[in-house]
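Raw target.txt, compact mmCIF, C-alpha atoms:
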```txt
# COMPACT_ATOMS: atom_id res chain seq x y z
CA MET A 1390 5.46 -6.84 23.84
CA LYS A 1391 8.24 -9.44 23.88
CA GLU A 1392 8.38 -10.33 20.18
CA SER A 1393 7.23 -7.18 18.45
CA ALA A 1394 10.18 -7.42 16.04
CA THR A 1395 8.85 -10.57 14.31
CA SER A 1396 7.65 -8.71 11.22
CA ILE A 1397 10.83 -6.58 11.08
CA ALA A 1398 12.92 -9.77 11.25
CA SER A 1399 10.76 -11.29 8.47
CA ALA A 1400 11.27 -8.15 6.38
CA ALA A 1401 15.06 -8.31 6.87
CA ILE A 1402 15.14 -12.00 5.85
CA THR A 1403 12.85 -11.33 2.86
CA ILE A 1404 14.89 -8.36 1.64
CA PHE A 1405 18.14 -10.29 1.96
CA LEU A 1406 16.80 -13.29 -0.04
CA THR A 1407 14.97 -11.13 -2.61
CA GLY A 1408 18.09 -8.97 -3.02
CA CYS A 1409 20.18 -12.09 -3.69
CA ILE A 1410 17.60 -13.25 -6.28
CA ILE A 1411 17.65 -9.81 -7.97
CA ILE A 1412 21.46 -9.77 -8.13
CA ALA A 1413 21.52 -13.37 -9.42
CA HIS A 1414 18.96 -12.56 -12.14
CA ASP A 1415 20.99 -9.51 -13.20
CA VAL A 1416 24.14 -11.63 -13.47
CA SER A 1417 22.66 -14.76 -15.03
CA THR A 1418 20.55 -14.46 -18.19
CA GLY A 1419 19.30 -18.03 -17.80
CA PHE A 1420 17.98 -17.34 -14.29
CA ARG A 1421 16.32 -14.14 -15.55
CA GLN A 1422 14.59 -16.11 -18.31
CA SER A 1423 13.40 -18.77 -15.89
CA LEU A 1424 11.98 -16.03 -13.62
CA ALA A 1425 10.26 -14.46 -16.63
CA ALA A 1426 8.82 -17.85 -17.59
CA LEU A 1427 7.30 -18.20 -14.12
CA THR A 1428 4.72 -15.40 -14.46
CA GLY A 1429 5.34 -13.88 -17.89
CA HIS A 1430 7.61 -11.07 -16.65
CA HIS A 1431 10.70 -11.17 -14.42
CA TRP A 1432 9.52 -8.14 -12.38
CA ILE A 1433 6.19 -9.79 -11.54
CA SER A 1434 8.05 -12.95 -10.52
CA VAL A 1435 10.39 -11.00 -8.21
CA SER A 1436 7.37 -9.23 -6.67
CA VAL A 1437 5.54 -12.53 -6.12
CA VAL A 1438 8.67 -14.14 -4.65
CA ALA A 1439 9.05 -11.19 -2.22
CA ILE A 1440 5.42 -11.50 -1.05
CA VAL A 1441 5.69 -15.29 -0.63
CA LEU A 1442 9.00 -15.01 1.26
CA PHE A 1443 7.63 -12.33 3.61
CA VAL A 1444 4.47 -14.29 4.40
CA LEU A 1445 6.40 -17.56 4.77
CA SER A 1446 9.05 -16.16 7.08
CA LEU A 1447 6.40 -14.33 9.14
CA VAL A 1448 4.31 -17.51 9.52
CA LEU A 1449 7.43 -19.55 10.36
CA LEU A 1450 8.60 -17.09 13.01
CA LEU A 1451 5.14 -16.70 14.53
CA GLY A 1452 4.69 -20.47 14.63
CA SER A 1453 8.07 -21.48 16.04
CA LYS A 1454 9.15 -20.35 19.49
CA ASN A 1455 12.60 -21.91 18.96
CA ALA A 1456 13.16 -19.94 15.76
CA ARG A 1457 12.15 -16.71 17.51
CA LYS A 1458 14.48 -17.50 20.42
CA SER A 1459 17.48 -18.45 18.29
CA LEU A 1460 17.05 -15.41 16.04
CA LYS A 1461 16.59 -13.11 19.06
CA VAL A 1462 13.33 -11.81 17.61
CA TYR A 1463 12.50 -10.12 20.93
CA ASP A 1464 15.31 -7.60 20.25
CA ILE A 1465 13.58 -4.94 18.16
CA LYS A 1466 16.64 -2.64 18.11
CA LEU A 1467 18.85 -5.41 16.73
CA TRP A 1468 16.38 -6.30 13.97
CA SER A 1469 15.57 -2.75 12.93
CA THR A 1470 19.32 -2.10 12.59
CA ALA A 1471 19.69 -5.37 10.67
CA LEU A 1472 16.80 -4.38 8.38
CA MET A 1473 18.44 -1.04 7.63
CA ALA A 1474 21.86 -2.60 7.04
CA VAL A 1475 20.52 -5.41 4.82
CA THR A 1476 18.39 -2.98 2.75
CA LEU A 1477 21.27 -0.53 2.20
CA ILE A 1478 23.73 -3.32 1.34
CA MET A 1479 21.27 -4.84 -1.13
CA ILE A 1480 20.60 -1.43 -2.76
CA LEU A 1481 24.33 -0.84 -3.16
CA GLY A 1482 24.85 -4.41 -4.40
CA ILE A 1483 22.13 -4.10 -7.06
CA LEU A 1484 23.46 -0.69 -8.19
CA ALA A 1485 27.05 -2.02 -8.32
CA VAL A 1486 26.04 -5.01 -10.48
CA LEU A 1487 24.03 -2.82 -12.87
CA ILE A 1488 26.79 -0.19 -13.19
CA ALA A 1489 29.39 -2.93 -13.81
CA ARG A 1490 27.15 -4.52 -16.47
CA TYR A 1491 26.55 -1.13 -18.16
CA LEU A 1492 30.27 -0.30 -18.21
CA ALA A 1493 31.16 -3.77 -19.52
CA ASP A 1494 28.67 -3.37 -22.41
CA MET B 1000 -18.08 14.61 3.82
CA LEU B 1001 -20.03 16.30 1.04
CA LEU B 1002 -17.41 19.06 1.03
CA VAL B 1003 -14.66 16.45 0.61
CA ILE B 1004 -16.50 14.82 -2.32
CA GLY B 1005 -17.33 18.20 -3.85
CA GLY B 1006 -13.75 19.41 -3.45
CA ILE B 1007 -12.31 16.32 -5.09
CA ALA B 1008 -14.88 16.55 -7.89
CA LEU B 1009 -13.97 20.17 -8.56
CA VAL B 1010 -10.21 19.56 -8.55
CA TYR B 1011 -10.29 16.39 -10.63
CA GLU B 1012 -12.90 16.49 -13.33
CA ARG B 1013 -12.08 13.07 -14.69
CA TRP B 1014 -11.90 9.51 -13.36
CA ILE B 1015 -9.04 10.23 -10.94
CA GLY B 1016 -11.40 12.14 -8.61
CA HIS B 1017 -13.83 9.22 -8.66
CA ALA B 1018 -10.86 6.92 -7.89
CA LEU B 1019 -9.72 9.13 -4.98
CA ILE B 1020 -13.19 8.92 -3.42
CA ALA B 1021 -13.16 5.14 -3.94
CA ILE B 1022 -9.78 4.88 -2.15
CA ILE B 1023 -11.11 6.85 0.84
CA SER B 1024 -14.18 4.54 0.82
CA LEU B 1025 -11.88 1.50 0.84
CA ALA B 1026 -10.02 2.84 3.87
CA LEU B 1027 -13.32 3.56 5.67
CA MET B 1028 -14.59 0.08 4.79
CA VAL B 1029 -11.48 -1.48 6.38
CA TYR B 1030 -12.07 0.67 9.47
CA ALA B 1031 -15.77 -0.31 9.63
CA LEU B 1032 -14.84 -3.99 9.30
CA THR B 1033 -12.21 -3.64 12.03
CA THR B 1034 -14.57 -1.92 14.46
CA GLY B 1035 -17.23 -4.55 13.61
CA ALA B 1036 -14.73 -7.31 14.41
CA ILE B 1037 -13.85 -5.56 17.72
CA LEU B 1038 -17.57 -5.43 18.59
CA LYS B 1039 -17.90 -9.16 17.97
CA GLY B 1040 -14.70 -9.85 19.93
CA ARG B 1041 -12.77 -11.22 16.95
CA ILE B 1042 -10.15 -8.51 17.45
CA LYS B 1043 -9.05 -8.02 21.03
CA LYS B 1044 -8.59 -4.45 22.22
CA LYS B 1045 -7.48 -3.51 25.71
CA SER B 1046 -9.49 -0.28 25.91
CA PRO B 1047 -12.38 -0.65 23.43
CA GLY B 1048 -14.01 2.72 24.27
CA ASN B 1049 -17.27 3.46 22.51
CA VAL B 1050 -16.75 1.16 19.52
CA ILE B 1051 -20.47 1.00 18.60
CA LYS B 1052 -20.58 4.78 18.20
CA LEU B 1053 -17.38 4.69 16.14
CA HIS B 1054 -18.66 1.81 13.98
CA LYS B 1055 -21.91 3.72 13.31
CA ARG B 1056 -20.09 6.94 12.49
CA VAL B 1057 -17.66 5.22 10.09
CA GLY B 1058 -20.61 3.40 8.49
CA ILE B 1059 -22.40 6.69 7.86
CA TYR B 1060 -19.25 8.28 6.38
CA PHE B 1061 -18.73 5.21 4.22
CA GLY B 1062 -22.35 5.33 2.99
CA ALA B 1063 -22.04 9.05 2.20
CA LEU B 1064 -18.82 8.49 0.24
CA ILE B 1065 -20.30 5.56 -1.69
CA LEU B 1066 -23.33 7.68 -2.59
CA GLY B 1067 -21.06 10.57 -3.59
CA SER B 1068 -18.81 8.26 -5.59
CA PHE B 1069 -21.82 6.75 -7.39
CA ILE B 1070 -23.25 10.18 -8.28
CA TYR B 1071 -19.79 11.30 -9.43
CA GLY B 1072 -19.46 8.19 -11.62
CA LEU B 1073 -22.98 8.71 -12.98
CA TRP B 1074 -22.11 12.31 -13.81
CA LEU B 1075 -18.96 11.22 -15.67
CA ARG B 1076 -20.88 8.58 -17.65
CA LEU B 1077 -23.72 10.98 -18.52
CA GLU B 1078 -21.20 13.59 -19.69
CA ASN B 1079 -20.07 11.04 -22.28
CA GLY B 1080 -23.68 10.10 -23.09
CA GLU B 1081 -23.33 6.57 -21.70
CA SER B 1082 -25.63 4.57 -19.44
CA ILE B 1083 -24.19 3.68 -16.02
CA LEU B 1084 -25.53 0.13 -16.25
CA ALA B 1085 -23.79 -0.46 -19.58
CA SER B 1086 -20.53 -1.32 -17.80
CA VAL B 1087 -19.62 -3.98 -15.20
CA HIS B 1088 -18.03 -1.22 -13.09
CA GLY B 1089 -21.32 0.69 -13.05
CA LYS B 1090 -23.38 -2.42 -12.22
CA LEU B 1091 -21.05 -3.30 -9.33
CA GLY B 1092 -21.21 0.33 -8.18
CA LEU B 1093 -25.00 0.14 -8.03
CA ILE B 1094 -24.83 -3.15 -6.06
CA ILE B 1095 -22.35 -1.53 -3.60
CA LEU B 1096 -24.65 1.47 -3.20
CA LEU B 1097 -27.67 -0.79 -2.50
CA ILE B 1098 -25.71 -2.86 0.04
CA GLY B 1099 -24.40 0.35 1.62
CA VAL B 1100 -27.97 1.70 2.00
CA LEU B 1101 -29.18 -1.64 3.41
CA GLN B 1102 -26.30 -1.58 5.90
CA VAL B 1103 -26.69 1.98 7.15
CA ILE B 1104 -30.44 2.79 7.10
CA PRO B 1105 -31.84 -0.21 9.11
CA SER B 1106 -29.00 0.19 11.64
CA LEU B 1107 -30.14 3.75 12.30
CA ILE B 1108 -33.91 3.08 12.22
CA LEU B 1109 -34.38 -0.33 13.89
CA LYS B 1110 -34.55 -0.34 17.67
CA ASN B 1111 -34.20 -4.12 18.03
CA ARG B 1112 -31.37 -5.09 15.73
CA ALA B 1113 -30.87 -8.68 16.94
CA SER B 1114 -32.76 -10.28 14.03
CA TYR B 1115 -30.98 -8.03 11.53
CA ARG B 1116 -27.47 -8.68 12.87
CA ILE B 1117 -26.64 -11.80 10.76
CA LEU B 1118 -27.71 -10.14 7.50
CA HIS B 1119 -25.75 -7.01 8.48
CA LYS B 1120 -22.65 -9.14 9.09
CA ILE B 1121 -22.97 -11.11 5.80
CA MET B 1122 -23.52 -7.95 3.78
CA GLY B 1123 -20.64 -6.18 5.55
CA TYR B 1124 -18.17 -8.93 4.74
CA SER B 1125 -19.44 -9.38 1.16
CA LEU B 1126 -19.10 -5.64 0.57
CA ALA B 1127 -15.30 -5.80 0.98
CA PRO B 1128 -14.49 -8.10 -2.00
CA ILE B 1129 -17.13 -6.43 -4.22
CA LEU B 1130 -15.70 -2.98 -3.49
CA ILE B 1131 -12.12 -4.13 -4.13
CA ILE B 1132 -13.13 -5.80 -7.44
CA ASP B 1133 -15.08 -2.71 -8.51
CA ALA B 1134 -12.26 -0.34 -7.53
CA SER B 1135 -9.73 -2.44 -9.49
CA TRP B 1136 -12.11 -2.58 -12.46
CA GLY B 1137 -12.56 1.18 -12.36
CA LEU B 1138 -8.80 1.69 -12.08
CA HIS B 1139 -8.28 -0.51 -15.13
CA ASN B 1140 -10.87 1.51 -17.11
CA GLY B 1141 -9.26 4.76 -16.02
CA VAL B 1142 -5.78 3.54 -16.90
CA ILE B 1143 -6.90 2.59 -20.39
CA ALA B 1144 -8.39 6.08 -20.77
CA GLY B 1145 -5.12 7.85 -20.01
CA THR B 1146 -1.81 6.52 -18.76
CA LYS B 1147 -0.46 9.98 -17.85
CA ASN B 1148 -3.01 10.10 -15.05
CA LEU B 1149 -1.63 6.80 -13.80
CA VAL B 1150 1.89 8.19 -13.52
CA LEU B 1151 0.39 11.18 -11.70
CA PHE B 1152 -1.47 8.87 -9.34
CA HIS B 1153 1.75 6.87 -8.81
CA SER B 1154 3.64 10.04 -7.88
CA ILE B 1155 0.87 11.48 -5.68
CA THR B 1156 0.60 8.28 -3.65
CA GLY B 1157 4.39 8.27 -3.26
CA GLY B 1158 4.28 11.85 -2.00
CA LEU B 1159 1.45 11.12 0.43
CA SER B 1160 3.35 8.08 1.71
CA ALA B 1161 6.39 10.27 2.41
CA LEU B 1162 4.19 12.68 4.40
CA LEU B 1163 2.65 9.83 6.37
CA LEU B 1164 6.10 8.44 7.17
CA VAL B 1165 7.16 11.86 8.45
CA TRP B 1166 4.03 11.82 10.62
CA ILE B 1167 5.02 8.41 12.04
CA ILE B 1168 8.57 9.64 12.77
CA ILE B 1169 7.15 12.69 14.60
CA GLU B 1170 4.83 10.48 16.68
CA MET B 1171 7.82 8.30 17.61
CA LEU B 1172 10.01 11.27 18.55
CA TYR B 1173 7.30 13.01 20.60
CA PRO B 1174 5.27 10.24 22.24
CA ALA B 1175 1.96 11.10 23.89
CA ASP B 1176 -1.06 9.09 25.04
CA ARG B 1177 -2.61 8.95 21.59
CA SER B 1178 0.63 8.73 19.58
CA LEU B 1179 0.51 4.97 19.06
CA GLY B 1180 -3.06 5.09 17.70
CA ARG B 1181 -2.20 7.90 15.31
CA ALA B 1182 1.05 6.22 14.20
CA ARG B 1183 -0.91 3.00 13.55
CA ILE B 1184 -3.42 4.82 11.31
CA ALA B 1185 -0.58 6.55 9.46
CA SER B 1186 1.24 3.24 8.97
CA TYR B 1187 -1.88 1.47 7.63
CA LEU B 1188 -2.43 4.31 5.17
CA THR B 1189 1.24 4.19 4.16
CA ALA B 1190 1.03 0.45 3.47
CA LEU B 1191 -2.19 0.94 1.49
CA LEU B 1192 -0.82 3.83 -0.60
CA ILE B 1193 2.51 2.13 -1.27
CA THR B 1194 0.78 -1.10 -2.33
CA ALA B 1195 -2.11 0.34 -4.36
CA GLY B 1196 -0.56 3.52 -5.73
CA CYS B 1197 3.14 2.78 -6.00
CA TRP B 1198 3.35 -0.99 -6.44
CA ILE B 1199 0.21 -1.92 -8.42
CA ALA B 1200 -0.35 1.31 -10.38
CA GLY B 1201 3.39 1.89 -10.96
CA GLY B 1202 3.91 -1.75 -11.91
CA TYR B 1203 1.00 -1.65 -14.35
CA ASN B 1204 2.45 1.46 -15.99
CA TYR B 1205 5.91 -0.14 -16.14
CA LEU B 1206 4.58 -3.33 -17.73
CA THR B 1207 2.17 -1.78 -20.23
CA VAL B 1208 3.52 1.65 -21.20
CA TYR B 1209 7.12 2.12 -20.11
CA GLY B 1210 8.58 -0.89 -21.94
CA SER B 1211 6.94 -0.11 -25.26
CA GLN B 1212 6.92 3.72 -25.29
CA VAL B 1213 9.46 5.24 -22.88
CA LYS B 1214 12.29 2.68 -22.79
CA PRO B 1215 13.06 2.81 -26.57
CA VAL B 1216 13.14 6.64 -26.42
CA ILE B 1217 15.62 6.65 -23.49
CA LEU B 1218 17.85 3.99 -25.10
CA ALA B 1219 17.97 5.97 -28.35
CA GLY B 1220 18.63 9.26 -26.52
CA PRO B 1221 21.82 10.74 -25.03
CA HIS B 1222 21.33 9.10 -21.58
CA PRO B 1223 20.78 5.35 -22.11
CA TRP B 1224 22.21 4.71 -18.60
CA ALA B 1225 18.98 6.19 -17.21
CA HIS B 1226 17.26 2.99 -18.25
CA GLU B 1227 20.17 0.52 -18.09
CA VAL B 1228 21.17 1.49 -14.54
CA VAL B 1229 18.58 3.77 -12.89
CA MET B 1230 15.34 2.19 -14.11
CA GLU B 1231 16.64 -1.37 -13.81
CA ALA B 1232 17.68 -0.60 -10.22
CA LYS B 1233 14.46 1.30 -9.36
CA GLU B 1234 12.09 -1.44 -10.54
CA HIS B 1235 13.78 -3.99 -8.25
CA ILE B 1236 14.86 -1.90 -5.28
CA PHE B 1237 11.26 -0.66 -5.05
CA VAL B 1238 10.05 -4.18 -4.13
CA PHE B 1239 11.75 -3.74 -0.73
CA LEU B 1240 9.57 -0.72 0.12
CA PRO B 1241 6.15 -2.42 0.53
CA ILE B 1242 7.82 -5.13 2.64
CA ILE B 1243 9.27 -2.47 4.98
CA ALA B 1244 5.92 -0.60 5.08
CA PHE B 1245 4.04 -3.78 6.01
CA ALA B 1246 6.65 -4.72 8.63
CA LEU B 1247 6.26 -1.25 10.18
CA SER B 1248 2.44 -1.53 10.20
CA ILE B 1249 2.43 -5.02 11.72
CA THR B 1250 4.95 -4.00 14.40
CA LEU B 1251 2.92 -0.92 15.36
CA PHE B 1252 -0.23 -3.06 15.43
CA ALA B 1253 1.45 -5.63 17.70
CA LEU B 1254 3.01 -3.09 20.04
CA ASP B 1255 1.02 -2.29 23.18
CA ARG B 1256 0.62 1.22 24.54
CA ASP B 1257 2.63 0.68 27.71
CA ALA B 1258 5.60 -0.76 25.82
CA PHE B 1259 5.37 2.11 23.35
CA LEU B 1260 5.31 4.84 25.98
CA GLY B 1261 7.72 3.22 28.43
CA ASP B 1262 10.32 1.71 26.11
CA ALA B 1263 12.45 4.28 24.33
CA LYS B 1264 14.39 1.46 22.61
CA SER B 1265 11.27 0.27 20.79
CA ARG B 1266 10.42 3.80 19.67
CA ARG B 1267 13.99 4.33 18.42
CA ALA B 1268 13.84 1.05 16.49
CA LEU B 1269 10.53 2.06 14.88
CA THR B 1270 11.96 5.49 14.04
CA ILE B 1271 14.88 3.78 12.25
CA THR B 1272 12.43 1.61 10.26
CA ALA B 1273 10.22 4.61 9.35
CA CYS B 1274 13.34 6.62 8.35
CA LEU B 1275 14.46 3.73 6.15
CA ALA B 1276 11.05 3.65 4.42
CA LEU B 1277 11.16 7.44 3.96
CA PHE B 1278 14.68 7.20 2.49
CA MET B 1279 13.40 4.55 0.05
CA VAL B 1280 10.44 6.74 -1.02
CA LEU B 1281 12.75 9.73 -1.60
CA LEU B 1282 15.23 7.55 -3.49
CA MET B 1283 12.39 6.32 -5.73
CA PHE B 1284 11.37 9.96 -6.36
CA LEU B 1285 14.93 10.90 -7.32
CA MET B 1286 15.27 7.90 -9.61
CA GLY B 1287 11.84 8.60 -11.14
CA ALA B 1288 12.86 12.21 -11.83
CA VAL B 1289 16.12 11.07 -13.53
CA ILE B 1290 14.17 8.60 -15.72
CA SER B 1291 11.49 11.20 -16.65
CA ASN B 1292 14.19 13.72 -17.53
CA ALA B 1293 16.00 11.15 -19.70
CA GLY B 1294 12.67 10.38 -21.41
CA HIS B 1295 12.07 14.08 -22.21
CA THR B 1296 15.67 14.57 -23.42
CA GLY B 1297 15.39 11.44 -25.56
CA ALA B 1298 12.12 12.62 -27.11
CA GLU B 1299 13.59 16.03 -27.93
CA ALA B 1300 16.78 14.57 -29.46
```

Could the structure of this file be written out as C-alpha cells, please?
Amino acid sequence: MKESATSIASAAITIFLTGCIIIAHDVSTGFRQSLAALTGHHWISVSVVAIVLFVLSLVLLLGSKNARKSLKVYDIKLWSTALMAVTLIMILGILAVLIARYLAD
Amino acid sequence: MLLVIGGIALVYERWIGHALIAIISLALMVYALTTGAILKGRIKKKSPGNVIKLHKRVGIYFGALILGSFIYGLWLRLENGESILASVHGKLGLIILLIGVLQVIPSLILKNRASYRILHKIMGYSLAPILIIDASWGLHNGVIAGTKNLVLFHSITGGLSALLLVWIIIEMLYPADRSLGRARIASYLTALLITAGCWIAGGYNYLTVYGSQVKPVILAGPHPWAHEVVMEAKEHIFVFLPIIAFALSITLFALDRDAFLGDAKSRRALTITACLALFMVLLMFLMGAVISNAGHTGAEA
C-alpha cells in the first residue's frame, strides 16, 4: 500500500495544531475564555477541535494527490517517527507551560 | 455466550455488568454490519472466505447477547420493583430485542430469503443508531446512579486498551499469516475502548464530578500541584490518545497483507505508533494515580 501513512500523517498534523491550541489557551486567559464560550467548557472545545482537525486533514490528504506527494505520505516510517516526535514535544511543552505557570503563581 | 453473560452478571451485580454486555453487543453489531457490507460488495475484501457463515454466526451471538442483556436489565429493574417499560432505556431495549429476533429467526428458518433481504438490510442498519442511543442512555442512567463506577469503568477500559496495544505490538514483532487480521481487531477494540471508556466516560466524570467535588479537595490539601499541573496536563494530553488510536486502526485497515508480511519497515512504523499509544495510556494511568492520591490526602487533611 503506497499511502498507508495518510492517517498517521493526519494524526501528526492534528496533534501539532491541537498542542499549539492547548499551549496558547494555557498562556492566554482570553483565548481560554473564547474556547470555553464555544461549547460551554474549554476541554470540550479542545476535544471537538481535535476531532475536526483530524477529519479535515484526513479528508484533505485523501482527496489531494499533490498534498500527499509533497508531504511524502507514502513514507510510513517518516510519519510514524514524526508522530512520535510531535506527540512527545507537545507533551513536554504542555507540562513546561503548566509547571512555569504554577511556579509563577 | 450464556456463560459469558452469566459470568458478567455474577461478577457485576449492578448496571456495570449490563453495560459490559451492551459494549460487547455493540462490537458484535459493528462486525455484523461489516460482514453484511462485505456480502453486498460495499466493502472490498481480497479473500472474502465464508462471509455468509461468519455473518450468520455473529448475528446469532449478537441476538444471544441482546437477549441476555435484556433479561439482565429486566432482573435489575425488578429487583428495584420497577417496570421495564417505565423508562426510555427499557422501551428502546425491548425494540432492539424485537428487531434482533426479527433479524435472526427468519434468516435461520427461511429457505428463500430474497424477498426478506430488503427488510433485513433496513432493520440491520436501523439497529445500529437505536443500540448506540440506548447504550448511551443506559450509561447516563448508570452514571447518575453512582459515579464511582464510572471511574472504575474509565480505569478498566484504559487497562484493557493497554493489553490490546501490547497484543498489537506482539503481532507486529512476530508476523504470521493471520497477524494482520488479529492486529486489526485489536486496534478497532482499542479505538472503541479509548473513545467510549476513556474519552466519553472519563470526560463526563471530569465535567460533572471532578470539578465540583475532587478539585476543591485537592486545591485545599497539601498537594495543590496535583491539580494545577498533573490534572491540567492530563485532561489535555489525553486528547492526543484517541487520535493516535484511530490513526493506528485506519492504517492497519488500509494496509494489505502482502505489504504487511513483506515490508518490515511498515511493521516497524506501526510498532512505533502502537508503542506511543501504550506509553500514553501508561502515562495517563500514572497521572490518574497521582491525582487520586492527592484527592485522598486532601480529604484526610

Tell me, in Å to one decimal, how far atom CA of B:Phe1239 is from atom CA of B:Arg1177.
->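 Separation of atom CA of B:Phe1239 and atom CA of B:Arg1177: 29.4 Å.
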
Can you work out the spacing between atom CA of A:Ile1397 and atom CA of B:Thr1272 in Å, to one decimal?
->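 Atom CA of B:Thr1272 lies 8.4 Å from atom CA of A:Ile1397.
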
Contact check, chain B to chain A, at most 8 Å, counting all atoms listed in the file, closest pairs as CSV:
```
residue,atom,partner,partner_atom,distance
B:Trp1224,CA,A:Tyr1491,CA,7.3
B:Glu1227,CA,A:Tyr1491,CA,6.6
B:Val1228,CA,A:Leu1487,CA,5.4
B:Glu1231,CA,A:Leu1487,CA,7.6
B:Ala1232,CA,A:Leu1484,CA,6.1
B:Glu1234,CA,A:Trp1432,CA,7.4
B:His1235,CA,A:Ile1411,CA,7.0
B:Ile1236,CA,A:Ile1480,CA,6.3
B:Val1238,CA,A:Ser1436,CA,6.3
B:Phe1239,CA,A:Ile1404,CA,6.1
B:Ile1242,CA,A:Ala1400,CA,5.9
B:Ile1243,CA,A:Ala1400,CA,6.2
B:Ala1246,CA,A:Ser1396,CA,4.9
B:Leu1247,CA,A:Ile1397,CA,7.1
B:Ile1249,CA,A:Ser1396,CA,6.4
B:Thr1250,CA,A:Ser1393,CA,5.6
B:Ala1253,CA,A:Ser1393,CA,6.0
B:Leu1254,CA,A:Met1390,CA,5.9
B:Asp1255,CA,A:Met1390,CA,6.4
B:Ala1258,CA,A:Met1390,CA,6.4
B:Lys1264,CA,A:Lys1466,CA,6.5
B:Ser1265,CA,A:Ile1465,CA,6.3
B:Arg1267,CA,A:Lys1466,CA,7.5
B:Ala1268,CA,A:Lys1466,CA,4.9
B:Leu1269,CA,A:Ser1469,CA,7.2
B:Ile1271,CA,A:Ser1469,CA,6.6
B:Thr1272,CA,A:Ser1469,CA,6.0
B:Leu1275,CA,A:Met1473,CA,6.4
```

Please identify all polymer residues within 10 Å of B:Leu1191, counting all atoms listed in the file, omitting same-chain residues fewer than 5 positions from it, and present them as a list of chain:residue names.
-> B:Ile1022, B:Leu1025, B:Ala1026, B:Thr1156, B:Ser1160, B:Ala1185, B:Ser1186, B:Gly1196, B:Cys1197, B:Trp1198, B:Pro1241, B:Ala1244, B:Phe1245

Atom-to-atom span, atom CA of B:Arg1116 and atom CA of B:Leu1053, Å = 17.1 Å

For B:Gly1297, list every protein, DNA or RNA residue within 8 Å, evaluated using all atoms listed in the file, and leave out those in the same chain fewer than 3 positions away; present the list as number ranges by chain.
-> B: 1216-1222, 1293-1294, 1300

Neighbours of B:Pro1174 within 9 Å (all atoms listed in the file; same-chain residues fewer than 5 positions away dropped), as a ChimeraX atom specification?
-> /B:1169,1179,1259-1260,1266

Please provide as a short mmCIF file (atom, residue, chain, number, x, y, z; two decimals) with C-alpha atoms, in the frame of the given file all residues within 8 Å of B:Phe1069, with the sequence filter that same-chain residues fewer than 5 positions apart are discarded (counting only C-alpha atoms).
```cif
data_model
loop_
_atom_site.label_atom_id
_atom_site.label_comp_id
_atom_site.auth_asym_id
_atom_site.auth_seq_id
_atom_site.Cartn_x
_atom_site.Cartn_y
_atom_site.Cartn_z
CA GLY B 1092 -21.21 0.33 -8.18
CA LEU B 1093 -25.00 0.14 -8.03
CA LEU B 1096 -24.65 1.47 -3.20
#
```

So which one's closest to B:Met1230, B:Thr1207, B:Gly1180, B:Phe1284, B:Ala1190? Using all atoms listed in the file, please.
->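 Comparing B:Thr1207, B:Gly1180, B:Phe1284, B:Ala1190 against B:Met1230, the winner is B:Phe1284.
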
Return the single residue from B:Ala1085, B:Val1103, B:Ile1094, B:Leu1281 that is closest to B:Tyr1060, with distances computed using all atoms listed in the file.
->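 Of the candidates, the smallest distance to B:Tyr1060 is held by B:Val1103.
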
Spatial neighbours of B:Tyr1115, max dist 9 Å, only C-alpha atoms, sep filter under 6 positions, as a list in words = Pro1105, Ser1106 and Leu1109 of chain B

When distances are computed from all atoms listed in the file, which of A:Val1441, A:Val1475, A:Ala1493, A:Val1448 shows the smallest separation from A:Cys1409?
->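 For A:Cys1409, the nearest of the candidates is A:Val1475.
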
With 5 Å added on each side, what axis-aligned box encloses every listed atom of stretch 1086-1095 of chain B? Give the centre and edge lengths in Å to one decimal, as JSON.
```
{"center_x": -21.5, "center_y": -1.6, "center_z": -10.7, "size_x": 17.0, "size_y": 14.7, "size_z": 24.2}
```

Between B:Gln1102, B:Leu1066, B:Gly1040, B:Lys1233, which one has atoms that come closest to B:Lys1120, using only C-alpha atoms?
-> B:Gln1102
